$ cat upload10.cif   # mmCIF, C-alpha atoms and all ligand atoms
data_coords
loop_
_atom_site.label_atom_id
_atom_site.label_comp_id
_atom_site.auth_asym_id
_atom_site.auth_seq_id
_atom_site.Cartn_x
_atom_site.Cartn_y
_atom_site.Cartn_z
CA MET A 729 -15.21 29.35 -108.25
CA SER A 730 -12.26 27.08 -109.05
CA HIS A 731 -9.42 28.54 -111.04
CA ALA A 732 -10.10 26.26 -114.00
CA ARG A 733 -13.77 27.24 -114.04
CA ALA A 734 -12.87 30.90 -113.86
CA VAL A 735 -10.61 30.54 -116.90
CA ARG A 736 -13.26 28.60 -118.75
CA ARG A 737 -15.89 31.21 -118.00
CA ALA A 738 -13.57 33.98 -119.19
CA LEU A 739 -12.96 32.14 -122.44
CA ILE A 740 -16.64 31.55 -123.01
CA THR A 741 -17.32 35.23 -122.39
CA LEU A 742 -14.71 36.13 -124.96
CA ALA A 743 -16.29 33.78 -127.43
CA ALA A 744 -19.73 35.18 -126.84
CA ALA A 745 -18.41 38.67 -127.52
CA GLY A 746 -17.29 37.43 -130.92
CA ALA A 747 -13.60 37.67 -130.08
CA LEU A 748 -11.09 34.94 -130.59
CA ALA A 749 -10.96 32.56 -127.68
CA ILE A 750 -7.94 30.48 -126.95
CA SER A 751 -7.54 27.84 -124.35
CA VAL A 752 -4.61 25.80 -123.23
CA GLY A 753 -5.01 22.10 -122.71
CA CYS A 754 -8.51 20.84 -122.37
CA THR A 755 -10.81 23.76 -121.64
CA ALA A 756 -12.90 25.78 -124.02
CA GLY A 757 -12.93 27.29 -127.47
CA PRO A 758 -15.53 29.61 -128.93
CA ALA A 759 -19.08 28.51 -128.20
CA PRO A 760 -21.02 26.97 -131.09
CA SER A 761 -23.36 29.60 -132.47
CA ALA A 762 -27.00 28.89 -133.13
CA SER A 763 -26.66 29.75 -136.83
CA VAL A 764 -23.80 27.32 -137.27
CA THR A 765 -25.67 24.52 -135.55
CA ALA A 766 -28.78 25.20 -137.63
CA SER A 767 -26.93 25.12 -140.96
CA ALA A 768 -25.40 21.69 -140.34
CA PRO A 769 -27.70 18.94 -141.61
CA SER A 770 -28.53 16.41 -138.90
CA ALA A 771 -26.95 13.02 -139.41
CA ASN A 772 -28.69 10.10 -140.99
CA TRP A 773 -26.55 7.30 -139.61
CA ASP A 774 -28.48 4.71 -141.63
CA GLU A 775 -27.59 6.05 -145.06
CA LEU A 776 -25.10 3.69 -146.71
CA GLY A 777 -23.12 3.96 -149.94
CA PRO A 778 -19.80 4.97 -151.45
CA ILE A 779 -17.69 7.62 -149.73
CA VAL A 780 -14.35 9.40 -150.14
CA TYR A 781 -11.77 9.35 -147.35
CA ALA A 782 -9.24 12.21 -147.57
CA GLN A 783 -5.95 12.31 -145.73
CA GLY A 784 -2.33 13.34 -146.21
CA LYS A 785 0.03 11.30 -148.33
CA ASP A 786 0.04 7.63 -147.37
CA THR A 787 3.85 7.41 -147.33
CA SER A 788 3.95 3.82 -146.09
CA GLY A 789 1.15 2.38 -148.26
CA THR A 790 -0.52 0.97 -145.13
CA VAL A 791 -3.72 2.97 -145.48
CA LYS A 792 -4.06 1.87 -149.11
CA ALA A 793 -3.91 -1.73 -147.88
CA GLN A 794 -6.47 -1.03 -145.15
CA VAL A 795 -8.88 0.61 -147.59
CA ALA A 796 -8.45 -2.27 -150.06
CA GLU A 797 -9.34 -4.72 -147.30
CA TRP A 798 -12.40 -2.67 -146.32
CA ASN A 799 -13.54 -2.50 -149.96
CA LYS A 800 -13.23 -6.24 -150.40
CA ALA A 801 -15.46 -6.86 -147.39
CA ASN A 802 -17.94 -4.05 -148.20
CA PRO A 803 -18.79 -4.12 -151.92
CA ASN A 804 -21.77 -1.78 -151.51
CA GLU A 805 -19.94 0.71 -149.34
CA GLN A 806 -16.78 1.42 -151.27
CA VAL A 807 -14.26 3.85 -149.83
CA GLU A 808 -12.10 5.87 -152.19
CA LEU A 809 -8.82 6.96 -150.59
CA ARG A 810 -7.98 10.53 -151.67
CA GLU A 811 -4.35 11.23 -150.83
CA LEU A 812 -3.65 14.93 -150.33
CA SER A 813 -0.33 16.75 -150.02
CA GLU A 814 2.49 15.78 -147.65
CA SER A 815 2.17 19.24 -146.10
CA THR A 816 -0.31 19.56 -143.28
CA ASP A 817 -1.09 23.17 -144.29
CA GLU A 818 -1.98 22.12 -147.84
CA GLN A 819 -4.17 19.29 -146.53
CA ARG A 820 -6.08 21.87 -144.51
CA ASP A 821 -6.45 24.16 -147.56
CA ALA A 822 -8.03 21.33 -149.58
CA MET A 823 -10.49 20.50 -146.81
CA VAL A 824 -11.37 24.11 -145.96
CA GLU A 825 -12.04 24.91 -149.63
CA ARG A 826 -14.62 22.12 -149.83
CA ALA A 827 -16.17 22.93 -146.46
CA LYS A 828 -16.59 26.61 -147.41
CA ASN A 829 -18.47 25.47 -150.50
CA LYS A 830 -20.58 23.19 -148.30
CA SER A 831 -19.24 20.26 -150.29
CA GLY A 832 -19.48 16.82 -148.73
CA GLU A 833 -17.02 15.37 -151.24
CA PHE A 834 -14.61 14.39 -148.46
CA ALA A 835 -17.02 12.41 -146.28
CA VAL A 836 -14.30 11.28 -143.89
CA MET A 837 -11.27 13.51 -143.29
CA ALA A 838 -8.11 12.91 -141.31
CA ILE A 839 -7.88 16.23 -139.57
CA ASP A 840 -4.87 17.52 -137.68
CA VAL A 841 -5.51 17.79 -133.95
CA VAL A 842 -5.13 21.58 -134.19
CA TRP A 843 -8.02 21.99 -136.65
CA THR A 844 -10.84 20.51 -134.55
CA THR A 845 -11.88 23.82 -132.99
CA GLU A 846 -11.89 25.68 -136.31
CA PHE A 847 -13.76 22.96 -138.19
CA ALA A 848 -16.32 22.39 -135.42
CA ALA A 849 -16.87 26.10 -134.72
CA ASN A 850 -17.65 26.68 -138.40
CA GLY A 851 -20.15 23.83 -138.53
CA TRP A 852 -18.07 21.79 -141.00
CA LEU A 853 -18.00 18.61 -138.91
CA GLN A 854 -20.77 16.30 -137.87
CA GLU A 855 -20.95 15.90 -134.11
CA LEU A 856 -20.09 12.29 -133.21
CA PRO A 857 -22.45 10.93 -130.54
CA SER A 858 -20.60 8.97 -127.87
CA ASP A 859 -22.92 5.95 -128.08
CA ARG A 860 -21.94 5.47 -131.72
CA PHE A 861 -18.29 6.52 -131.45
CA PRO A 862 -16.87 4.88 -128.32
CA THR A 863 -13.54 6.23 -127.07
CA GLY A 864 -13.12 4.08 -123.94
CA GLY A 865 -9.47 3.34 -123.18
CA TYR A 866 -8.18 6.09 -125.46
CA LEU A 867 -5.44 8.52 -124.47
CA LYS A 868 -7.16 11.38 -122.68
CA ALA A 869 -5.24 14.06 -124.57
CA ALA A 870 -6.16 12.45 -127.90
CA VAL A 871 -9.87 12.46 -126.99
CA ASP A 872 -9.56 16.07 -125.89
CA SER A 873 -7.97 16.95 -129.23
CA GLY A 874 -11.14 15.80 -131.02
CA THR A 875 -13.49 17.47 -128.55
CA TYR A 876 -15.13 20.88 -128.84
CA PHE A 877 -17.27 22.19 -125.98
CA ASP A 878 -17.49 18.75 -124.38
CA LYS A 879 -18.70 17.09 -127.57
CA LEU A 880 -16.72 14.81 -129.84
CA TYR A 881 -16.30 16.11 -133.41
CA ALA A 882 -13.34 14.02 -134.55
CA MET A 883 -12.62 10.42 -133.61
CA PRO A 884 -9.12 10.07 -132.17
CA SER A 885 -7.20 8.10 -134.75
CA THR A 886 -3.40 8.54 -134.79
CA SER A 887 -1.53 10.32 -132.04
CA ASP A 888 1.90 11.87 -132.52
CA GLY A 889 4.86 12.74 -130.33
CA ALA A 890 8.29 13.90 -131.42
CA LEU A 891 11.35 11.66 -131.21
CA LEU A 892 15.06 12.38 -131.44
CA TYR A 893 16.40 10.15 -134.23
CA TYR A 894 20.13 9.60 -133.97
CA ARG A 895 22.84 7.66 -135.71
CA LYS A 896 23.45 4.95 -133.13
CA ASP A 897 26.35 3.48 -135.12
CA LEU A 898 28.30 6.74 -134.93
CA LEU A 899 27.47 7.47 -131.29
CA ASP A 900 28.44 3.93 -130.27
CA LYS A 901 31.73 4.18 -132.16
CA ALA A 902 32.55 7.40 -130.32
CA GLY A 903 31.45 5.95 -126.98
CA VAL A 904 28.76 8.61 -126.58
CA GLN A 905 25.35 8.09 -124.93
CA PRO A 906 22.22 9.62 -126.52
CA PRO A 907 21.97 13.20 -125.20
CA THR A 908 19.36 14.26 -122.65
CA THR A 909 20.21 17.99 -122.79
CA TRP A 910 21.06 20.47 -125.54
CA ALA A 911 24.61 20.80 -124.19
CA GLU A 912 25.07 17.03 -124.39
CA LEU A 913 23.74 17.03 -127.93
CA GLN A 914 26.27 19.68 -128.93
CA ALA A 915 29.07 17.78 -127.16
CA ALA A 916 28.14 14.60 -129.05
CA CYS A 917 28.34 16.50 -132.34
CA ASP A 918 31.68 18.04 -131.39
CA LYS A 919 33.05 14.56 -130.83
CA VAL A 920 31.53 12.74 -133.83
CA LEU A 921 31.38 15.26 -136.66
CA PRO A 922 35.08 16.01 -137.24
CA SER A 923 35.39 12.55 -138.83
CA GLN A 924 32.09 12.79 -140.80
CA ASP A 925 32.40 14.79 -144.01
CA GLY A 926 29.23 16.58 -145.09
CA MET A 927 27.26 15.69 -141.97
CA SER A 928 25.48 18.32 -139.86
CA CYS A 929 24.62 18.05 -136.19
CA TYR A 930 20.87 18.59 -135.96
CA GLY A 931 17.74 18.98 -138.07
CA GLY A 932 14.05 19.60 -137.60
CA GLN A 933 11.19 21.26 -139.51
CA PHE A 934 11.80 25.00 -139.93
CA ASP A 935 9.84 25.93 -143.05
CA LYS A 936 7.15 28.53 -142.40
CA TYR A 937 4.18 26.17 -141.75
CA GLU A 938 2.56 24.26 -138.89
CA GLY A 939 5.66 22.13 -138.36
CA LEU A 940 7.62 25.27 -137.43
CA THR A 941 5.05 26.07 -134.76
CA SER A 942 5.48 22.53 -133.40
CA ASN A 943 9.30 22.82 -133.33
CA VAL A 944 9.31 26.31 -131.79
CA ALA A 945 6.76 25.35 -129.13
CA GLU A 946 8.93 22.34 -128.25
CA ALA A 947 12.05 24.46 -127.92
CA ILE A 948 10.26 27.00 -125.71
CA ASN A 949 8.58 24.34 -123.54
CA SER A 950 11.86 22.40 -123.32
CA ALA A 951 13.53 25.49 -121.87
CA GLY A 952 10.83 25.83 -119.19
CA GLY A 953 8.84 28.52 -121.02
CA SER A 954 5.41 28.60 -122.63
CA ILE A 955 3.64 30.34 -125.49
CA LEU A 956 0.44 30.74 -123.50
CA ASN A 957 0.43 30.23 -119.73
CA ALA A 958 -1.99 28.09 -117.74
CA GLN A 959 -4.48 30.97 -117.69
CA GLY A 960 -4.44 31.15 -121.49
CA GLN A 961 -2.51 34.43 -121.59
CA ALA A 962 0.39 35.17 -123.92
CA SER A 963 3.66 34.40 -122.14
CA VAL A 964 6.44 34.43 -124.72
CA ASN A 965 8.26 37.49 -123.39
CA SER A 966 10.11 35.40 -120.79
CA PRO A 967 13.80 34.49 -120.41
CA GLU A 968 12.85 30.81 -120.81
CA ALA A 969 11.08 31.43 -124.13
CA LEU A 970 14.09 33.44 -125.26
CA ALA A 971 16.40 30.55 -124.38
CA GLY A 972 14.17 28.19 -126.38
CA LEU A 973 13.92 30.29 -129.54
CA SER A 974 17.61 31.17 -129.31
CA TRP A 975 18.53 27.51 -129.31
CA ILE A 976 17.01 27.22 -132.79
CA VAL A 977 18.31 30.57 -134.06
CA ASP A 978 21.84 29.95 -132.71
CA GLY A 979 21.64 26.52 -134.32
CA PHE A 980 21.51 28.21 -137.72
CA THR A 981 24.14 30.87 -136.99
CA SER A 982 26.58 28.34 -135.52
CA GLY A 983 25.98 25.77 -138.27
CA ARG A 984 24.63 23.15 -135.86
CA ILE A 985 21.55 23.16 -138.09
CA PRO A 986 22.27 23.28 -141.85
CA ALA A 987 21.00 26.43 -143.64
CA GLU A 988 18.88 24.34 -146.02
CA ALA A 989 16.72 23.26 -143.04
CA LYS A 990 15.04 26.71 -143.21
CA THR A 991 12.79 25.20 -145.89
CA TRP A 992 12.42 21.70 -144.50
CA GLN A 993 9.11 20.08 -143.70
CA GLU A 994 8.95 16.48 -142.39
CA GLU A 995 9.76 14.73 -145.64
CA GLN A 996 12.78 16.87 -146.58
CA SER A 997 14.23 16.39 -143.11
CA ARG A 998 13.68 12.63 -143.35
CA ALA A 999 15.46 12.55 -146.72
CA ALA A 1000 18.44 14.43 -145.20
CA PHE A 1001 18.73 11.97 -142.30
CA GLN A 1002 18.41 8.94 -144.55
CA SER A 1003 21.08 10.23 -146.93
CA GLY A 1004 23.56 10.57 -144.07
CA LYS A 1005 23.50 14.36 -143.77
CA LEU A 1006 22.44 14.49 -140.11
CA LEU A 1007 23.63 13.01 -136.83
CA PHE A 1008 20.40 14.00 -135.03
CA LEU A 1009 16.90 14.71 -136.33
CA ARG A 1010 13.72 15.71 -134.54
CA ASN A 1011 10.79 14.08 -136.31
CA TRP A 1012 7.52 12.22 -135.74
CA PRO A 1013 7.32 8.41 -135.42
CA TYR A 1014 6.01 7.84 -138.97
CA MET A 1015 9.55 7.96 -140.31
CA TYR A 1016 10.81 5.06 -138.18
CA GLU A 1017 9.49 2.28 -140.42
CA LEU A 1018 10.39 4.18 -143.59
CA ALA A 1019 13.99 4.64 -142.44
CA GLU A 1020 14.15 0.98 -141.42
CA LYS A 1021 13.38 0.13 -145.05
CA ASP A 1022 16.26 2.29 -146.33
CA ASP A 1023 19.54 0.34 -146.57
CA ARG A 1024 21.56 3.49 -146.01
CA VAL A 1025 20.40 3.81 -142.39
CA ALA A 1026 18.54 0.58 -141.57
CA GLY A 1027 19.88 -0.87 -138.32
CA ARG A 1028 22.12 2.15 -137.79
CA PHE A 1029 19.77 4.53 -136.04
CA ALA A 1030 17.70 4.61 -132.88
CA VAL A 1031 15.40 7.09 -131.14
CA ALA A 1032 15.59 8.86 -127.80
CA PRO A 1033 13.33 11.34 -126.00
CA LEU A 1034 13.78 14.97 -127.08
CA PRO A 1035 16.53 16.66 -125.09
CA GLY A 1036 15.82 19.95 -123.30
CA LYS A 1037 17.75 22.88 -121.97
CA ASP A 1038 18.61 21.41 -118.57
CA GLY A 1039 16.96 17.98 -118.74
CA PRO A 1040 14.41 16.06 -120.82
CA GLY A 1041 12.55 18.07 -123.45
CA VAL A 1042 8.81 18.38 -124.07
CA SER A 1043 7.16 17.28 -127.31
CA THR A 1044 4.31 19.07 -128.99
CA LEU A 1045 1.22 16.86 -129.08
CA GLY A 1046 0.42 15.99 -132.68
CA GLY A 1047 -1.91 13.61 -134.40
CA GLN A 1048 -4.74 13.17 -136.86
CA ASN A 1049 -8.36 12.43 -135.99
CA LEU A 1050 -11.17 11.25 -138.25
CA GLY A 1051 -13.91 13.79 -138.80
CA ILE A 1052 -17.10 13.33 -140.81
CA SER A 1053 -18.13 16.20 -143.05
CA ALA A 1054 -21.40 17.84 -142.00
CA PHE A 1055 -22.28 18.02 -145.71
CA ALA A 1056 -21.59 14.39 -146.63
CA ARG A 1057 -23.99 11.75 -147.88
CA ASN A 1058 -23.75 8.15 -146.68
CA LYS A 1059 -22.86 9.02 -143.11
CA GLY A 1060 -23.82 5.49 -142.06
CA THR A 1061 -20.92 4.13 -144.10
CA ALA A 1062 -18.66 6.90 -142.78
CA LEU A 1063 -19.54 5.86 -139.22
CA LYS A 1064 -18.81 2.18 -139.92
CA PHE A 1065 -15.55 2.97 -141.70
CA VAL A 1066 -14.31 5.31 -138.94
CA ASN A 1067 -15.06 2.75 -136.24
CA TRP A 1068 -13.41 -0.02 -138.27
CA MET A 1069 -10.26 2.08 -138.78
CA GLN A 1070 -10.12 2.52 -135.01
CA THR A 1071 -10.46 -1.12 -133.98
CA LYS A 1072 -7.57 -2.38 -131.87
CA GLU A 1073 -6.50 -4.59 -134.76
CA GLN A 1074 -6.25 -1.71 -137.25
CA GLN A 1075 -4.45 0.58 -134.80
CA GLN A 1076 -1.97 -2.20 -134.13
CA ARG A 1077 -1.50 -2.71 -137.84
CA ARG A 1078 -0.74 0.99 -138.45
CA LEU A 1079 1.74 0.85 -135.58
CA ALA A 1080 3.52 -2.26 -136.84
CA ASP A 1081 3.53 -1.40 -140.55
CA ALA A 1082 3.76 2.39 -140.56
CA SER A 1083 4.98 3.31 -137.05
CA LEU A 1084 1.88 5.46 -136.53
CA ALA A 1085 1.11 6.06 -132.87
CA PRO A 1086 -2.07 4.40 -131.58
CA VAL A 1087 -4.63 6.24 -129.46
CA LEU A 1088 -5.60 3.11 -127.50
CA GLU A 1089 -3.58 3.53 -124.34
CA GLU A 1090 -3.17 -0.17 -123.49
CA LEU A 1091 -1.15 -0.78 -126.67
CA TYR A 1092 1.77 1.22 -125.24
CA ASP A 1093 2.01 -1.02 -122.20
CA GLU A 1094 1.71 -4.48 -123.81
CA PRO A 1095 4.97 -6.34 -123.08
CA ALA A 1096 4.70 -8.38 -126.31
CA LEU A 1097 4.41 -5.21 -128.40
CA GLN A 1098 7.18 -3.48 -126.47
CA ALA A 1099 9.45 -6.43 -127.20
CA LYS A 1100 8.67 -6.24 -130.92
CA ILE A 1101 8.69 -2.45 -131.30
CA PRO A 1102 11.89 -0.96 -129.89
CA TYR A 1103 10.71 2.65 -129.91
CA LEU A 1104 7.28 2.06 -128.36
CA LYS A 1105 8.14 3.03 -124.80
CA THR A 1106 9.95 6.20 -125.86
CA LEU A 1107 7.01 7.10 -128.09
CA GLY A 1108 4.48 6.50 -125.31
CA ASP A 1109 6.48 8.70 -122.94
CA SER A 1110 6.77 11.43 -125.59
CA ILE A 1111 3.00 11.47 -126.14
CA ARG A 1112 2.02 11.19 -122.47
CA THR A 1113 4.15 14.20 -121.54
CA ALA A 1114 3.42 16.20 -124.72
CA GLN A 1115 2.08 19.73 -124.64
CA PRO A 1116 -1.02 20.47 -126.76
CA ARG A 1117 -1.10 23.56 -128.95
CA PRO A 1118 -3.68 26.27 -128.19
CA LYS A 1119 -7.30 25.64 -129.11
CA ALA A 1120 -8.72 28.47 -131.18
CA ALA A 1121 -11.21 28.85 -133.98
CA ARG A 1122 -8.67 30.98 -135.86
CA TYR A 1123 -5.71 28.86 -134.78
CA SER A 1124 -4.15 28.25 -138.20
CA THR A 1125 -4.94 31.61 -139.75
CA ASP A 1126 -4.00 33.82 -136.78
CA VAL A 1127 -2.34 32.14 -133.80
CA SER A 1128 -0.02 29.69 -135.52
CA ARG A 1129 0.67 32.14 -138.33
CA ALA A 1130 1.90 34.75 -135.82
CA ILE A 1131 4.22 32.16 -134.24
CA GLN A 1132 5.54 31.09 -137.64
CA GLU A 1133 6.11 34.62 -138.93
CA GLU A 1134 7.94 35.86 -135.85
CA ALA A 1135 10.01 32.69 -135.42
CA HIS A 1136 10.95 32.67 -139.08
CA ALA A 1137 11.99 36.32 -138.92
CA ALA A 1138 14.38 35.36 -136.11
CA ILE A 1139 15.67 32.35 -138.05
CA ASP A 1140 16.17 34.53 -141.16
CA GLY A 1141 18.02 37.09 -139.08
CA THR A 1142 15.60 39.91 -139.97
CA LYS A 1143 14.74 40.24 -136.25
CA ASP A 1144 16.79 39.31 -133.22
CA PRO A 1145 15.09 36.62 -131.07
CA GLN A 1146 14.12 39.06 -128.30
CA THR A 1147 12.44 41.47 -130.75
CA ALA A 1148 10.65 38.58 -132.45
CA LEU A 1149 9.33 37.39 -129.09
CA ASN A 1150 8.27 40.90 -128.02
CA ASP A 1151 6.38 41.27 -131.29
CA LEU A 1152 4.85 37.83 -130.91
CA GLN A 1153 3.78 38.67 -127.36
CA LEU A 1154 1.90 41.76 -128.63
CA ARG A 1155 0.27 39.83 -131.47
CA LEU A 1156 -0.85 37.02 -129.16
CA GLU A 1157 -2.12 39.52 -126.55
CA ALA A 1158 -4.24 41.15 -129.25
CA LEU A 1159 -5.60 37.75 -130.31
CA VAL A 1160 -6.52 36.58 -126.81
CA LYS A 1161 -8.24 39.81 -125.85
C1 LIG A 1201 2.30 15.96 -137.81
C2 LIG A 1201 1.47 16.06 -136.55
C3 LIG A 1201 0.55 17.25 -136.61
C4 LIG A 1201 1.37 18.49 -136.86
C5 LIG A 1201 2.17 18.36 -138.13
C6 LIG A 1201 3.08 19.55 -138.34
O1 LIG A 1201 1.51 15.62 -138.89
O2 LIG A 1201 0.74 14.87 -136.35
O3 LIG A 1201 -0.22 17.37 -135.45
O4 LIG A 1201 0.56 19.64 -136.91
O5 LIG A 1201 2.95 17.19 -138.09
O6 LIG A 1201 3.74 19.48 -139.53
#

$ encode --input "upload10.cif" --output "structure tokens"
Amino acid sequence: MSHARAVRRALITLAAAGALAISVGCTAGPAPSASVTASAPSANWDELGPIVYAQGKDTSGTVKAQVAEWNKANPNEQVELRELSESTDEQRDAMVERAKNKSGEFAVMAIDVVWTTEFAANGWLQELPSDRFPTGGYLKAAVDSGTYFDKLYAMPSTSDGALLYYRKDLLDKAGVQPPTTWAELQAACDKVLPSQDGMSCYGGQFDKYEGLTSNVAEAINSAGGSILNAQGQASVNSPEALAGLSWIVDGFTSGRIPAEAKTWQEEQSRAAFQSGKLLFLRNWPYMYELAEKDDRVAGRFAVAPLPGKDGPGVSTLGGQNLGISAFARNKGTALKFVNWMQTKEQQQRRLADASLAPVLEELYDEPALQAKIPYLKTLGDSIRTAQPRPKAARYSTDVSRAIQEEAHAAIDGTKDPQTALNDLQLRLEALVK
């Protein structure tokens, strides 16, 4: 038996025993249970009518414009855009609450790539047959992020890869190149910051939520470590993982990262960068267009790949996919709307207007687009080399929570990084068993 098949079989066995199964990359999650499959109504793809589309805050206004265009062309199949919180965790809460009540209120949902396993395993999502939801030409990792036991449950919609935003004006003035390692990043700050009152070196998302998991996983992977190894076993008690977590923790103790960043999610960190408080910021591509519209930083910043411990860093794979509630009416309209949102034209529009990463691979390699969109190549590289987070039915409630709690304890100084990692190792071992 091949190694991959052996791992897959082990995971399926775990799932069958009712334990939590975790996989790395593109293998398995817990098997769908008969009761779950039976409780999900089968889809009537011909039923048309009004639907609600729920997603996080539409910070750029682009999705509002898309929905308005759809509504103009489809008077009998109106889509109501329901904007949820900016916080990915709160978006999940709103969707889970409805799903637990078997409510189909949110017919179409933009679900974070890390929720697919949980939502599908619980029978909250309608399976999306491949003949009706074509994914040809899509990024493989994005398709995998919407797949559960070889079946598509969420249509790849927007991918995500982290970028290092930096103040190009200040680096240029100091004659410094964008850093490719953590030491170079620190050296750039040492050179630039003495003449910049009130500016800190580096920021990211360190509040206790899913963004912290993304940042910590990046730091660990960028130091050559891993949270789970290729066999799906906990692997955070390594010197590499310690180097990764310590880079964040030392950032706070040394002042490289401002103390207030302990409560930052994406939007607070964006505000800090745009108000001139940061030389470097790790964030997702969505903020590129927003910052370009802010006179305080427009034309003064650029993006580079994430730096790592001894060379280029590794992004966490992010993104949102479109799922259809198993409990929704008018699934025919949901199907048409999802496919329309994913046309090449609409993906290109979200990229141009809102710097949201497409899932259609060819868009990254089009010379005309590359010429127009200065960050496109860096973004494509970030996504193509990104590391997915573990797949698990209890990912948010158990796996990611353990990572957040232990990492935050180290950031707060209530545990030293080694103790936090030892504790995390034990918690993850208990979850994978
Ligand atoms: C972005 C990513 C998502 C990630 C979240 C963390 O929205 O696309 O995958 O979980 O940020 O805050």

$ closest_atom_pairs --input "upload10.cif" --of "range 1006-1113 of chain A" --to "range 849-861 of chain A" --cutoff "8 Å" --atoms "only C-alpha atoms" --output "Markdown table"
| residue | atom | partner | partner_atom | distance |
| --- | --- | --- | --- | --- |
| A:Gly1051 | CA | A:Leu853 | CA | 6.3 |
| A:Ile1052 | CA | A:Gln854 | CA | 5.6 |
| A:Ser1053 | CA | A:Leu853 | CA | 4.8 |
| A:Ala1054 | CA | A:Gln854 | CA | 4.5 |
| A:Phe1055 | CA | A:Trp852 | CA | 7.4 |
| A:Leu1063 | CA | A:Arg860 | CA | 7.9 |
| A:Asn1067 | CA | A:Phe861 | CA | 6.9 |

$ closest_atom_pairs --input "upload10.cif" --of "chain A" --to "ligand LIG 1201 (chain A)" --cutoff "8 Å" --atoms "only C-alpha atoms and all ligand atoms" --output "CSV"
residue,atom,partner,partner_atom,distance
A:Ser815,CA,A:LIG1201,O6,6.8
A:Thr816,CA,A:LIG1201,O6,5.5
A:Asp817,CA,A:LIG1201,O6,7.7
A:Asp840,CA,A:LIG1201,O3,5.2
A:Val841,CA,A:LIG1201,O3,5.5
A:Val842,CA,A:LIG1201,O3,6.6
A:Thr886,CA,A:LIG1201,O2,7.7
A:Ser887,CA,A:LIG1201,O2,6.7
A:Asp888,CA,A:LIG1201,O2,5.0
A:Gly889,CA,A:LIG1201,O2,7.6
A:Gln933,CA,A:LIG1201,O6,7.7
A:Tyr937,CA,A:LIG1201,O6,7.1
A:Glu938,CA,A:LIG1201,C6,4.8
A:Gly939,CA,A:LIG1201,O6,3.5
A:Leu940,CA,A:LIG1201,O6,7.3
A:Thr941,CA,A:LIG1201,C6,7.7
A:Ser942,CA,A:LIG1201,C6,6.2
A:Gln993,CA,A:LIG1201,O6,6.8
A:Glu994,CA,A:LIG1201,O6,6.7
A:Trp1012,CA,A:LIG1201,C1,6.7
A:Leu1045,CA,A:LIG1201,O3,6.6
A:Gly1046,CA,A:LIG1201,O3,3.2
A:Gly1047,CA,A:LIG1201,O2,3.5
A:Gln1048,CA,A:LIG1201,O2,5.8

$ residues_around --input "upload10.cif" --residues "Leu913 in chain A" --least-positions-apart "4" --cutoff "9 Å" --atoms "only C-alpha atoms" --output "list in words"
Pro906, Pro907, Thr908, Thr909, Cys917, Asp918, Cys929, Tyr930, Phe1008 and Pro1035 of chain A

$ write_last_selection --input "upload10.cif" --atoms "C-alpha atoms" --output "compact mmCIF listing (two decimals), in the frame of the given file"
# COMPACT_ATOMS: atom_id res chain seq x y z
CA PRO A 906 22.22 9.62 -126.52
CA PRO A 907 21.97 13.20 -125.20
CA THR A 908 19.36 14.26 -122.65
CA THR A 909 20.21 17.99 -122.79
CA CYS A 917 28.34 16.50 -132.34
CA ASP A 918 31.68 18.04 -131.39
CA CYS A 929 24.62 18.05 -136.19
CA TYR A 930 20.87 18.59 -135.96
CA PHE A 1008 20.40 14.00 -135.03
CA PRO A 1035 16.53 16.66 -125.09

$ atom_distance --input "upload10.cif" --atom1 "CA of Ala1148 in chain A" --atom2 "CA of Ile1111 in chain A"
28.9 Å

$ closest_residue --input "upload10.cif" --among "A:Asp1144, A:Glu1017, A:Glu818, A:Glu797" --to "Ser974 in chain A" --atoms "all atoms listed in the file"
A:Asp1144

$ atom_distance --input "upload10.cif" --atom1 "CA of Ala915 in chain A" --atom2 "CA of Phe1001 in chain A"
19.2 Å

$ closest_residue --input "upload10.cif" --among "A:Trp798, A:Tyr1123, A:Trp1068, A:Trp975" --to "Met883 in chain A" --atoms "all atoms listed in the file"
A:Trp1068

$ closest_residue --input "upload10.cif" --among "A:Leu812, A:Ala890, A:Leu1149, A:Ile1101" --to "Asn1011 in chain A" --atoms "only C-alpha atoms"
A:Ala890

$ closest_residue --input "upload10.cif" --among "A:Gln959, A:Ser1128, A:Ser950, A:Asn965" --to "Gln1146 in chain A" --atoms "only C-alpha atoms"
A:Asn965

$ closest_residue --input "upload10.cif" --among "A:Ala971, A:Val791, A:Leu1091, A:Leu1009" --to "Arg984 in chain A" --atoms "only C-alpha atoms"
A:Leu1009
